[in-house]
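Asks: Quick one: structure below, then a few questions.
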Amino acid sequence: MKRFFDNIITVFVILIVLLIIIPLPTFMLDFMILFNMGVSLLILLISMYIKESLDFSIFPSLLLVTTMLRLALSVSSVKLILGHAGHAGHVIQTFGEFVIGGQPVVGFIVFLIILIIQFLVITKGAERVAEVAARFNLDAMPGKQMAIDADLNAGLINEAQARERREKVSREAEFYGAMDGATKFVKGDAIVSLIVAVINIVGGIIIGYMTGVADVMGTYTIATVGDGLVSQVPALMISTATGMVVTRSASESSLSKDVVTQFSKNPTTMIIAGSSMLLLVFVTLFVPQFPWWFLIVIGGFMLTLGIVQSRGQKTALAAVPVPAEIAAHEAPVISDTDFYRDPKNIYASIEVELMSVEFGYSLLPLIDERHGSNLEDRLTNFRKKFAADMGIVIPDITFLDNIQITPNSYIIKIKDEEVAGGEILPGHYLIMDSNGSFGDIDGIDTTDPAFGIPAKWIPGSAIERAEILGYSVIDAQSVIITHLSDIIKKYAYEFIGRSEIEMMLNNLRNKNKSLVDDVVGNTINMSSFQKIITNLLKERIPVKDLVTILETISEYASATGGDTDMLTEHCRQALRRTITRLYAEDGVIKVILLDMELETTIIKSVNKTAAGFYLALDPPLIPAILASLSENLAKLENVGAQQIVMTNPVVRFYFKQFIDQFVPGLTVLSSNEIDPKIQIQSFGIVKVETA
């Protein structure tokens, strides 16, 4: 039985094909016609209750099957009408007699009007909507994919969510493409109905010519109209369902609930409409035979409904609970002078926020949950992903309003000091293009606050055009979160204090107590371990593999004399697979190299003091190194690769220490930090000509 239901559609399609070939008895045709009506009604109801088009993704295929069924029934009914003197079952006869009502000409004209409505209005409209929806969805696919990638890179979604969204975008494109073709079935069905009607009438007249044209006209007209109606009523429902599916926007409820909710949002409009209908009564009293009582019924209903809705809204507002304990036990008002007489309150006021974001007053809706903001939820998702990627948990971010900054501005602070900021245009969306070529779309020129590339603010009405043109469209919240994520990655090392280190070690101690206790406290002290973790994070190296880091420290601590900088270098080499994953693309890492003579010069220029090692290059060498470096980095930029300098393992630390003074954040790797399986592709060599 289960296997039968798994293949029921296959069996059904085969039966439809047989219907076209095998003549049906009248009772079976009656049953199939009513079955067709029931299925069509079910499809119409489903299309009204879906929340978005993909909830009924089988509709294009279902449209083909139902069209085949109607065509098969039309063929069967034509056989019976022309072969049995106009008798094709009780259903067709009942429908025909009901519409014709003893007047064949009038009834046939009404039937033709129904066909025209079906063909020119509903079918044609649904076909056009499906065509436009398919074109827009297919054109917008690249922009949607880029937006998903941007959210993934910003940490707003994980890999599974990104995969799910990509699949949804792909399914939407396939669905609307299928709907564009499937609507042609409905159009063809309407055309066939016209042809069948003509065949039935003309064929019937020819067959019964010798028995009296008048009787034949009446008999065959009834059969034709009945046959057309039993075919067109389901077709009309299917066409309506088609239009609803392709015009249905994503919603949280059914069409019926949406209509009721949105009509009842503003009772004033209902009251005004009802009052206007009642006022028309006075005008129509002077028009003879005008059914003015209908205006009273309709206007009275609308006016009553509006008043009831208005009172319901007032009752709901009055029922909003006010905390009685606040009203009854209001705290006494204390002046600032009295409050700060207590030294504890003064100490509380000078606490430093690890990280905070201050917003101008125009941007407050972006952080206010009452305005539908979900900024904190999105940041929570980012914190979770950041912890999974980097191995540390960033602190809570405090959101504050600041009336002293411009209304559209925001400021990012770390430990109460400003580190970055930007401007947001409320109600607009950001589009970016690394080339800055926005000639084909209007907007307000700006610069992306996170990456510093040319961008443009566009209104919401221009989103569809921007996506069709292939731009990545980013909403205001995503702009802020992307900027925040970049700042957090850049300054993550500042969030690591003694308490955070202890929490990381305690978490590992639950799984590997002996390793933690053996290394931290015996081999190296807590302060030095914190310095190594900070060094790694400063160059954006994940520290979640604490086992490898601790084992490396244990192995090389004595050889390096406990020098944290050298231990950091050994830890980096032990984390080569992680570093390779960060910078390699498709098994290749693109870099520029340092000339061997320059590396030798750097090693000879290393001086040692009581405070540690430092690089002291001859002053004339510095501008020459920077010039050559800039020239070679441009080669990487031209091919769209990350800017990476690769050096000898001994030189890496000193060159990084030197170059950070001039090119902060430049990635410097050593050959020992790259997995041997990865191909290293050089795009240039930094060299200095010596006399």
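Labels for the structure tokens follow display order: chains A, B, ..., residues from 1 in each chain, ligands from 1.
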Among region 559-647 of chain A, which residues does DSSP mark as alpha helix (DSSP H) when it is run on the backbone? Keep the chain and numbering as in the structure and answer as a count of residues only.
Replies: 48
Asks: List the neighbours of region 575-579 of chain A out to 6 Å using only C-alpha atoms; skip same-chain residues closer than 4 positions along the sequence, and give me the result as a list of chain:residue names.
Replies: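 Using only C-alpha atoms, the neighbours found are A:Glu673, A:Ile674, A:Asp675.
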Asks: CA of Lys314 (chain A) to CA of Ile367 (chain A): how many Å, to one decimal?
Replies: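 Taking CA of Lys314 (chain A) as the start and CA of Ile367 (chain A) as the end point, the length is 28.2 Å.
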Asks: Skip Asn522 (chain A) itself and residues of its chain fewer than 2 positions away, then list as a list in words all residues within 12 Å of it, counting only C-alpha atoms.
Replies: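 Once the adjacent positions are removed, what remains is Ser514, Leu515, Val516, Asp517, Asp518, Val519, Val520, Ile524, Asn525, Met526, Ser528, Phe529, Leu550, Ile553, Ser554, Ala557, Ser558 and Gly562 of chain A.
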Asks: Leaving out region 595-606 of chain A and any residue of its chain fewer than 6 positions from it, which residues lie within 7 Å of it when counting only C-alpha atoms, given as a PyMOL selection string?
Replies: chain A and resi 613-617+651+685-688
